[in-house]
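S.K.: The following file, coords-v2.cif, comprises mmCIF, C-alpha atoms and all ligand atoms:
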data_run
loop_
_atom_site.group_PDB
_atom_site.id
_atom_site.type_symbol
_atom_site.label_atom_id
_atom_site.label_comp_id
_atom_site.auth_asym_id
_atom_site.auth_seq_id
_atom_site.Cartn_x
_atom_site.Cartn_y
_atom_site.Cartn_z
ATOM 1 C CA MET Z 1 -16.323 9.305 -32.416
ATOM 2 C CA ALA Z 2 -12.603 8.753 -33.027
ATOM 3 C CA CYS Z 3 -10.223 10.855 -31.015
ATOM 4 C CA PRO Z 4 -8.295 13.140 -33.398
ATOM 5 C CA PHE Z 5 -4.971 12.347 -31.689
ATOM 6 C CA HIS Z 6 -5.516 8.609 -31.489
ATOM 7 C CA GLN Z 7 -3.794 7.844 -34.776
ATOM 8 C CA SER Z 8 -0.736 10.002 -34.114
ATOM 9 C CA ALA Z 9 -0.011 9.732 -30.402
ATOM 10 C CA GLU Z 10 2.213 6.900 -29.272
ATOM 11 C CA LEU Z 11 0.723 4.683 -26.611
ATOM 12 C CA ASN Z 12 2.058 5.585 -23.186
ATOM 13 C CA PRO Z 13 3.854 2.444 -21.895
ATOM 14 C CA ALA Z 14 1.827 2.662 -18.664
ATOM 15 C CA LEU Z 15 -1.236 1.647 -20.710
ATOM 16 C CA LEU Z 16 0.271 -1.488 -22.289
ATOM 17 C CA PRO Z 17 -1.589 -3.838 -19.880
ATOM 18 C CA LEU Z 18 -4.892 -2.285 -21.080
ATOM 19 C CA ASP Z 19 -4.125 -1.952 -24.805
ATOM 20 C CA TRP Z 20 -6.660 -4.733 -25.568
ATOM 21 C CA LEU Z 21 -9.467 -2.328 -24.641
ATOM 22 C CA LEU Z 22 -8.512 0.457 -27.068
ATOM 23 C CA GLY Z 23 -10.710 1.108 -30.089
ATOM 24 C CA VAL Z 24 -14.414 0.984 -30.825
ATOM 25 C CA TRP Z 25 -16.654 -1.912 -29.784
ATOM 26 C CA GLU Z 26 -20.239 -2.524 -30.970
ATOM 27 C CA SER Z 27 -22.659 -4.883 -29.280
ATOM 28 C CA ASP Z 28 -22.901 -7.943 -31.539
ATOM 29 C CA GLU Z 29 -26.408 -8.768 -30.344
ATOM 30 C CA PRO Z 30 -28.639 -6.799 -27.975
ATOM 31 C CA GLY Z 31 -27.539 -6.763 -24.362
ATOM 32 C CA GLU Z 32 -29.859 -7.945 -21.626
ATOM 33 C CA GLY Z 33 -30.925 -5.635 -18.827
ATOM 34 C CA SER Z 34 -32.695 -6.685 -15.653
ATOM 35 C CA PHE Z 35 -33.168 -5.925 -11.976
ATOM 36 C CA SER Z 36 -35.701 -7.163 -9.446
ATOM 37 C CA SER Z 37 -37.588 -3.818 -9.526
ATOM 38 C CA ILE Z 38 -37.806 -3.259 -13.315
ATOM 39 C CA PRO Z 39 -39.091 -5.160 -16.358
ATOM 40 C CA PRO Z 40 -36.338 -6.880 -18.381
ATOM 41 C CA PHE Z 41 -35.113 -4.880 -21.399
ATOM 42 C CA ARG Z 42 -32.763 -5.185 -24.360
ATOM 43 C CA TYR Z 43 -30.282 -2.585 -25.555
ATOM 44 C CA THR Z 44 -27.429 -2.009 -27.974
ATOM 45 C CA GLU Z 45 -24.240 -0.200 -27.006
ATOM 46 C CA THR Z 46 -21.101 1.291 -28.553
ATOM 47 C CA LEU Z 47 -17.927 1.666 -26.505
ATOM 48 C CA HIS Z 48 -15.086 4.039 -27.452
ATOM 49 C CA PHE Z 49 -11.713 3.764 -25.730
ATOM 50 C CA SER Z 50 -8.994 6.160 -26.912
ATOM 51 C CA HIS Z 51 -5.817 7.851 -25.704
ATOM 52 C CA VAL Z 52 -3.793 10.959 -26.519
ATOM 53 C CA GLY Z 53 -0.384 9.734 -25.394
ATOM 54 C CA GLN Z 54 -1.072 10.378 -21.692
ATOM 55 C CA PRO Z 55 -1.111 7.419 -19.267
ATOM 56 C CA ILE Z 56 -4.916 7.696 -19.336
ATOM 57 C CA ILE Z 57 -7.632 6.055 -21.441
ATOM 58 C CA ASN Z 58 -10.587 8.280 -22.387
ATOM 59 C CA PHE Z 59 -13.855 6.414 -22.768
ATOM 60 C CA MET Z 60 -17.439 6.956 -23.857
ATOM 61 C CA PHE Z 61 -20.252 4.365 -23.732
ATOM 62 C CA ASN Z 62 -23.529 5.069 -25.543
ATOM 63 C CA ALA Z 63 -26.502 2.710 -25.100
ATOM 64 C CA PHE Z 64 -29.642 2.672 -27.268
ATOM 65 C CA HIS Z 65 -33.064 1.075 -27.155
ATOM 66 C CA ALA Z 66 -32.761 -2.225 -29.060
ATOM 67 C CA GLU Z 67 -36.017 -1.748 -31.011
ATOM 68 C CA ASN Z 68 -36.603 1.994 -31.538
ATOM 69 C CA LYS Z 69 -32.848 2.863 -31.453
ATOM 70 C CA LYS Z 70 -33.431 5.877 -29.196
ATOM 71 C CA PRO Z 71 -30.496 7.003 -27.002
ATOM 72 C CA MET Z 72 -30.743 5.681 -23.448
ATOM 73 C CA HIS Z 73 -27.869 5.375 -21.033
ATOM 74 C CA ARG Z 74 -24.555 7.231 -21.549
ATOM 75 C CA GLU Z 75 -21.411 7.307 -19.515
ATOM 76 C CA CYS Z 76 -17.980 8.736 -20.120
ATOM 77 C CA GLY Z 77 -14.754 9.213 -18.250
ATOM 78 C CA PHE Z 78 -11.154 8.246 -17.786
ATOM 79 C CA ILE Z 79 -9.209 5.127 -16.886
ATOM 80 C CA ARG Z 80 -6.015 5.411 -14.864
ATOM 81 C CA MET Z 81 -3.622 2.660 -13.801
ATOM 82 C CA GLN Z 82 -1.714 2.571 -10.551
ATOM 83 C CA PRO Z 83 1.945 3.247 -11.458
ATOM 84 C CA GLY Z 84 3.875 -0.008 -11.203
ATOM 85 C CA GLY Z 85 0.815 -1.990 -10.084
ATOM 86 C CA ASN Z 86 -2.225 -3.733 -11.541
ATOM 87 C CA ARG Z 87 -4.843 -1.565 -9.820
ATOM 88 C CA VAL Z 88 -7.156 0.184 -12.285
ATOM 89 C CA ALA Z 89 -9.500 3.142 -11.637
ATOM 90 C CA PHE Z 90 -12.461 4.210 -13.772
ATOM 91 C CA ILE Z 91 -13.549 7.841 -13.180
ATOM 92 C CA ILE Z 92 -17.099 7.944 -14.540
ATOM 93 C CA ALA Z 93 -19.916 10.434 -15.202
ATOM 94 C CA GLN Z 94 -23.326 8.945 -16.081
ATOM 95 C CA ASN Z 95 -26.228 10.784 -17.736
ATOM 96 C CA SER Z 96 -28.487 9.490 -14.960
ATOM 97 C CA GLY Z 97 -26.792 11.971 -12.603
ATOM 98 C CA LEU Z 98 -24.340 9.573 -10.982
ATOM 99 C CA VAL Z 99 -20.623 10.218 -10.762
ATOM 100 C CA GLU Z 100 -18.472 7.373 -9.675
ATOM 101 C CA ILE Z 101 -14.995 6.000 -9.175
ATOM 102 C CA GLU Z 102 -14.722 2.253 -9.656
ATOM 103 C CA GLU Z 103 -11.517 0.434 -8.810
ATOM 104 C CA GLY Z 104 -10.283 -3.071 -9.228
ATOM 105 C CA ASP Z 105 -7.526 -5.365 -10.315
ATOM 106 C CA LEU Z 106 -6.454 -6.378 -13.772
ATOM 107 C CA THR Z 107 -5.874 -10.102 -14.225
ATOM 108 C CA GLY Z 108 -4.667 -10.799 -17.752
ATOM 109 C CA GLN Z 109 -7.465 -9.481 -19.962
ATOM 110 C CA CYS Z 110 -10.110 -9.453 -17.250
ATOM 111 C CA LEU Z 111 -10.910 -6.342 -15.279
ATOM 112 C CA THR Z 112 -13.096 -6.571 -12.165
ATOM 113 C CA LEU Z 113 -14.220 -3.230 -10.727
ATOM 114 C CA HIS Z 114 -16.186 -2.140 -7.652
ATOM 115 C CA THR Z 115 -17.485 1.249 -6.536
ATOM 116 C CA HIS Z 116 -14.863 3.167 -4.569
ATOM 117 C CA ALA Z 117 -16.792 6.477 -4.449
ATOM 118 C CA LEU Z 118 -20.263 7.475 -5.594
ATOM 119 C CA ALA Z 119 -22.215 10.749 -5.687
ATOM 120 C CA ARG Z 120 -25.551 11.752 -7.205
ATOM 121 C CA THR Z 121 -27.636 14.836 -7.832
ATOM 122 C CA SER Z 122 -29.648 16.116 -4.855
ATOM 123 C CA PHE Z 123 -32.856 15.366 -6.770
ATOM 124 C CA ALA Z 124 -31.975 11.822 -7.920
ATOM 125 C CA LYS Z 125 -35.013 9.575 -7.786
ATOM 126 C CA GLU Z 126 -35.105 6.639 -5.419
ATOM 127 C CA PRO Z 127 -34.139 3.889 -4.959
ATOM 128 C CA HIS Z 128 -30.519 5.023 -4.667
ATOM 129 C CA VAL Z 129 -27.863 2.655 -5.945
ATOM 130 C CA GLN Z 130 -25.099 2.119 -3.353
ATOM 131 C CA GLN Z 131 -22.693 -0.307 -4.985
ATOM 132 C CA ILE Z 132 -21.827 -1.094 -8.600
ATOM 133 C CA SER Z 133 -19.589 -3.945 -9.721
ATOM 134 C CA ARG Z 134 -18.570 -4.654 -13.268
ATOM 135 C CA VAL Z 135 -16.411 -7.084 -15.154
ATOM 136 C CA PHE Z 136 -14.840 -6.496 -18.573
ATOM 137 C CA GLN Z 137 -13.383 -9.605 -20.098
ATOM 138 C CA LEU Z 138 -11.752 -10.164 -23.472
ATOM 139 C CA ARG Z 139 -12.792 -13.646 -24.515
ATOM 140 C CA PRO Z 140 -10.394 -15.974 -26.351
ATOM 141 C CA GLU Z 141 -12.355 -15.557 -29.619
ATOM 142 C CA GLY Z 142 -11.869 -11.758 -29.477
ATOM 143 C CA LYS Z 143 -15.241 -10.643 -28.161
ATOM 144 C CA LEU Z 144 -15.468 -8.259 -25.235
ATOM 145 C CA GLU Z 145 -17.978 -9.029 -22.495
ATOM 146 C CA GLN Z 146 -19.336 -6.621 -19.870
ATOM 147 C CA THR Z 147 -21.410 -7.608 -16.844
ATOM 148 C CA VAL Z 148 -22.745 -4.960 -14.445
ATOM 149 C CA SER Z 149 -24.272 -5.732 -11.049
ATOM 150 C CA MET Z 150 -25.614 -3.249 -8.528
ATOM 151 C CA ALA Z 151 -27.043 -3.040 -5.033
ATOM 152 C CA MET Z 152 -29.580 -0.553 -3.733
ATOM 153 C CA GLU Z 153 -29.444 0.788 -0.165
ATOM 154 C CA GLY Z 154 -29.696 -2.249 2.110
ATOM 155 C CA GLY Z 155 -30.273 -4.608 -0.827
ATOM 156 C CA PRO Z 156 -28.250 -7.471 -2.325
ATOM 157 C CA LEU Z 157 -25.890 -7.164 -5.288
ATOM 158 C CA MET Z 158 -27.832 -8.300 -8.377
ATOM 159 C CA GLN Z 159 -27.092 -8.322 -12.091
ATOM 160 C CA HIS Z 160 -28.343 -5.284 -14.071
ATOM 161 C CA LEU Z 161 -26.618 -5.739 -17.447
ATOM 162 C CA HIS Z 162 -24.929 -8.345 -19.591
ATOM 163 C CA ILE Z 163 -23.662 -7.663 -23.102
ATOM 164 C CA THR Z 164 -20.988 -8.739 -25.589
ATOM 165 C CA TYR Z 165 -19.280 -6.593 -28.219
ATOM 166 C CA ARG Z 166 -17.238 -7.144 -31.366
ATOM 167 C CA ARG Z 167 -14.434 -4.795 -32.327
ATOM 168 C CA SER Z 168 -15.497 -2.382 -35.059
ATOM 169 C CA SER Z 169 -12.226 -0.394 -35.299
HETATM 170 C C1 LIG R 1 -23.160 1.239 -14.453
HETATM 171 C C2 LIG R 1 -24.141 1.652 -15.212
HETATM 172 C C3 LIG R 1 -25.575 1.726 -14.736
HETATM 173 C C4 LIG R 1 -26.091 1.954 -13.498
HETATM 174 C C5 LIG R 1 -25.321 2.242 -12.223
HETATM 175 C C6 LIG R 1 -27.515 1.879 -13.597
HETATM 176 C C7 LIG R 1 -28.373 2.053 -12.535
HETATM 177 C C8 LIG R 1 -29.740 1.943 -12.609
HETATM 178 C C9 LIG R 1 -30.645 2.141 -11.511
HETATM 179 C C10 LIG R 1 -30.228 2.527 -10.101
HETATM 180 C C11 LIG R 1 -31.888 1.930 -11.959
HETATM 181 C C12 LIG R 1 -33.203 2.042 -11.150
HETATM 182 C C13 LIG R 1 -33.671 0.689 -10.681
HETATM 183 C C14 LIG R 1 -34.972 0.782 -9.940
HETATM 184 O O1 LIG R 1 -35.801 1.641 -10.274
HETATM 185 O O2 LIG R 1 -35.167 -0.026 -9.009
HETATM 186 C C15 LIG R 1 -31.780 1.594 -13.352
HETATM 187 C C16 LIG R 1 -32.848 1.304 -14.162
HETATM 188 C C17 LIG R 1 -32.736 1.118 -15.526
HETATM 189 N N1 LIG R 1 -31.582 1.070 -16.257
HETATM 190 FE FE1 LIG R 1 -29.712 1.259 -15.556
HETATM 191 N N2 LIG R 1 -27.851 1.608 -14.883
HETATM 192 C C18 LIG R 1 -26.696 1.520 -15.610
HETATM 193 C C19 LIG R 1 -26.587 1.260 -16.941
HETATM 194 C C20 LIG R 1 -27.638 1.095 -17.799
HETATM 195 C C21 LIG R 1 -27.513 0.856 -19.218
HETATM 196 C C22 LIG R 1 -26.199 0.773 -20.017
HETATM 197 C C23 LIG R 1 -28.750 0.739 -19.701
HETATM 198 C C24 LIG R 1 -29.057 0.474 -21.137
HETATM 199 C C25 LIG R 1 -30.029 0.997 -21.795
HETATM 200 C C26 LIG R 1 -29.674 0.889 -18.571
HETATM 201 C C27 LIG R 1 -31.060 0.823 -18.635
HETATM 202 C C28 LIG R 1 -31.918 0.903 -17.569
HETATM 203 C C29 LIG R 1 -33.371 0.814 -17.693
HETATM 204 C C30 LIG R 1 -34.143 0.627 -18.993
HETATM 205 C C31 LIG R 1 -33.872 0.940 -16.407
HETATM 206 C C32 LIG R 1 -35.356 0.901 -16.000
HETATM 207 C C33 LIG R 1 -36.075 2.151 -16.315
HETATM 208 C C34 LIG R 1 -35.507 3.320 -15.625
HETATM 209 O O3 LIG R 1 -35.560 3.369 -14.384
HETATM 210 O O4 LIG R 1 -34.978 4.234 -16.314
HETATM 211 N N3 LIG R 1 -28.952 1.091 -17.438
HETATM 212 N N4 LIG R 1 -30.460 1.598 -13.719
#
Go ahead and express the file in the form of structure tokens.
Ligand code: HEM
M.R.:
Amino acid sequence: MACPFHQSAELNPALLPLDWLLGVWESDEPGEGSFSSIPPFRYTETLHFSHVGQPIINFMFNAFHAENKKPMHRECGFIRMQPGGNRVAFIIAQNSGLVEIEEGDLTGQCLTLHTHALARTSFAKEPHVQQISRVFQLRPEGKLEQTVSMAMEGGPLMQHLHITYRRSS
């Protein structure tokens, strides 16, 4: 869904280091999901990154079952940059009942984020995830890559998702 102001609002200069993210990205081939406790799965995903002239990126990620196309995971939120620095914060709400702040540093067109704060519904099913790390990287050929790893309480950090996207607008 395009943001109605996206076309008209001028990009806030604070967002220039992240302008490579803006737009709509579609998975070019199904992403791969895994974790030690679940069977491997494949999914497709669309990412929307937009702005309304504020020094904030609005985002929405919608993931679907690769075969039956049914909606699966969704997350949305805001991206803020530290004024005058290269620290980036993602403020995220997930349809699984998690809310999260991830923070990390921007190095060129690679963004590495780690959980800074995490909360869940009182009735969230176990096991409870404790730490999430993700990397967004714009590859030289123009594809965007996302890798997500997570750790459960007392467990090691392990990969959950890997997917690449091509720009669709
Ligand atoms: C940062 C984002 C995400 C987090 C923190 C997250 C977290 C989790 C957790 C904690 C589990 C339970 C693992 C277990 O039972 O041991 C899980 C399972 C699963 N996740 Fe994710 N997930 C994320 C994104 C996604 C995305 C984008 C998809 C794509 C469809 C997805 C698909 C699944 C599936 C299919 C399972 C196994 C079945 C289920 O428990 O629902 N996840 N995820």
S.K.: For ligand LIG 1 (chain R), which residue among Z:Tyr165, Z:Phe78, Z:Phe123, Z:Phe35 is the nearest when counting all atoms listed in the file?
M.R.: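 Closest residue, counting all atoms listed in the file: Z:Phe35.
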S.K.: Return the single residue from Z:Leu144, Z:Val135, Z:Ile38, Z:Cys76 that is closest to ligand LIG 1 (chain R), with distances computed using all atoms listed in the file.
M.R.: Z:Ile38
S.K.: All residues within 8 Å of ligand LIG 1 (chain R) are required, counting all atoms listed in the file; please report them as a short mmCIF file (atom, residue, chain, number, x, y, z; two decimals) with C-alpha atoms, in the frame of the given file.
M.R.:
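Ended up saving to part_5.cif:
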data_model
loop_
_atom_site.label_atom_id
_atom_site.label_comp_id
_atom_site.auth_asym_id
_atom_site.auth_seq_id
_atom_site.Cartn_x
_atom_site.Cartn_y
_atom_site.Cartn_z
CA GLY Z 33 -30.92 -5.64 -18.83
CA SER Z 34 -32.70 -6.68 -15.65
CA PHE Z 35 -33.17 -5.92 -11.98
CA SER Z 36 -35.70 -7.16 -9.45
CA SER Z 37 -37.59 -3.82 -9.53
CA ILE Z 38 -37.81 -3.26 -13.32
CA PRO Z 39 -39.09 -5.16 -16.36
CA PRO Z 40 -36.34 -6.88 -18.38
CA PHE Z 41 -35.11 -4.88 -21.40
CA ARG Z 42 -32.76 -5.18 -24.36
CA TYR Z 43 -30.28 -2.58 -25.56
CA THR Z 44 -27.43 -2.01 -27.97
CA GLU Z 45 -24.24 -0.20 -27.01
CA PHE Z 61 -20.25 4.36 -23.73
CA ASN Z 62 -23.53 5.07 -25.54
CA ALA Z 63 -26.50 2.71 -25.10
CA PHE Z 64 -29.64 2.67 -27.27
CA HIS Z 65 -33.06 1.08 -27.16
CA PRO Z 71 -30.50 7.00 -27.00
CA MET Z 72 -30.74 5.68 -23.45
CA HIS Z 73 -27.87 5.38 -21.03
CA ARG Z 74 -24.56 7.23 -21.55
CA GLU Z 75 -21.41 7.31 -19.52
CA GLN Z 94 -23.33 8.94 -16.08
CA SER Z 96 -28.49 9.49 -14.96
CA LEU Z 98 -24.34 9.57 -10.98
CA GLU Z 126 -35.10 6.64 -5.42
CA PRO Z 127 -34.14 3.89 -4.96
CA HIS Z 128 -30.52 5.02 -4.67
CA VAL Z 129 -27.86 2.66 -5.94
CA ILE Z 132 -21.83 -1.09 -8.60
CA SER Z 133 -19.59 -3.94 -9.72
CA ARG Z 134 -18.57 -4.65 -13.27
CA VAL Z 148 -22.74 -4.96 -14.44
CA SER Z 149 -24.27 -5.73 -11.05
CA MET Z 150 -25.61 -3.25 -8.53
CA MET Z 152 -29.58 -0.55 -3.73
CA HIS Z 160 -28.34 -5.28 -14.07
CA LEU Z 161 -26.62 -5.74 -17.45
#
S.K.: Restricting the calculation to only C-alpha atoms, which member of Z:Ile101, Z:Ile91, Z:Ala66, Z:Leu106 is positioned closest to Leu16 of chain Z?
M.R.: Z:Leu106
S.K.: Within 12 Å of (1.1, 11.1, -24.9) (file coordinates; only C-alpha atoms), which protein or nucleic acid residues are there? I'd like them as a VMD selection string.
M.R.: chain Z and resid 5 to 15 50 to 57
S.K.: Just the selected residues (C-alpha atoms), exported as a PDB file, keeping the file's coordinate frame, please.
M.R.:
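See again-v4.pdb below for the written result:
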ATOM      1  CA  PHE Z   5      -4.971  12.347 -31.689  1.00  0.00           C
ATOM      2  CA  HIS Z   6      -5.516   8.609 -31.489  1.00  0.00           C
ATOM      3  CA  GLN Z   7      -3.794   7.844 -34.776  1.00  0.00           C
ATOM      4  CA  SER Z   8      -0.736  10.002 -34.114  1.00  0.00           C
ATOM      5  CA  ALA Z   9      -0.011   9.732 -30.402  1.00  0.00           C
ATOM      6  CA  GLU Z  10       2.213   6.900 -29.272  1.00  0.00           C
ATOM      7  CA  LEU Z  11       0.723   4.683 -26.611  1.00  0.00           C
ATOM      8  CA  ASN Z  12       2.058   5.585 -23.186  1.00  0.00           C
ATOM      9  CA  PRO Z  13       3.854   2.444 -21.895  1.00  0.00           C
ATOM     10  CA  ALA Z  14       1.827   2.662 -18.664  1.00  0.00           C
ATOM     11  CA  LEU Z  15      -1.236   1.647 -20.710  1.00  0.00           C
ATOM     12  CA  SER Z  50      -8.994   6.160 -26.912  1.00  0.00           C
ATOM     13  CA  HIS Z  51      -5.817   7.851 -25.704  1.00  0.00           C
ATOM     14  CA  VAL Z  52      -3.793  10.959 -26.519  1.00  0.00           C
ATOM     15  CA  GLY Z  53      -0.384   9.734 -25.394  1.00  0.00           C
ATOM     16  CA  GLN Z  54      -1.072  10.378 -21.692  1.00  0.00           C
ATOM     17  CA  PRO Z  55      -1.111   7.419 -19.267  1.00  0.00           C
ATOM     18  CA  ILE Z  56      -4.916   7.696 -19.336  1.00  0.00           C
ATOM     19  CA  ILE Z  57      -7.632   6.055 -21.441  1.00  0.00           C
TER      20      ILE Z  57
END
S.K.: For a test of reading the model, state the distance in Å between atom CA of Leu22 of chain Z and atom CA of Thr164 of chain Z, rounded to one decimal.
M.R.: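 Atom CA of Leu22 of chain Z sits 15.6 Å away from atom CA of Thr164 of chain Z.
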S.K.: Kindly give the distance, in Å, that separates atom CA of Gly97 of chain Z and atom CA of Leu118 of chain Z, rounded to a single decimal.
M.R.: 10.6 Å
S.K.: Just give me the gap between atom CA of Asn86 of chain Z and atom CA of Thr107 of chain Z in Å, one decimal is fine.
M.R.: 7.8 Å
S.K.: Within 12 Å of (-13.8, -6.2, -12.5), all atoms listed in the file: residues as JSON, numbers by chain?
M.R.: {"Z": [86, 87, 88, 89, 90, 102, 103, 104, 105, 106, 107, 108, 109, 110, 111, 112, 113, 114, 115, 132, 133, 134, 135, 136, 137, 138, 145, 146, 147, 148, 149]}
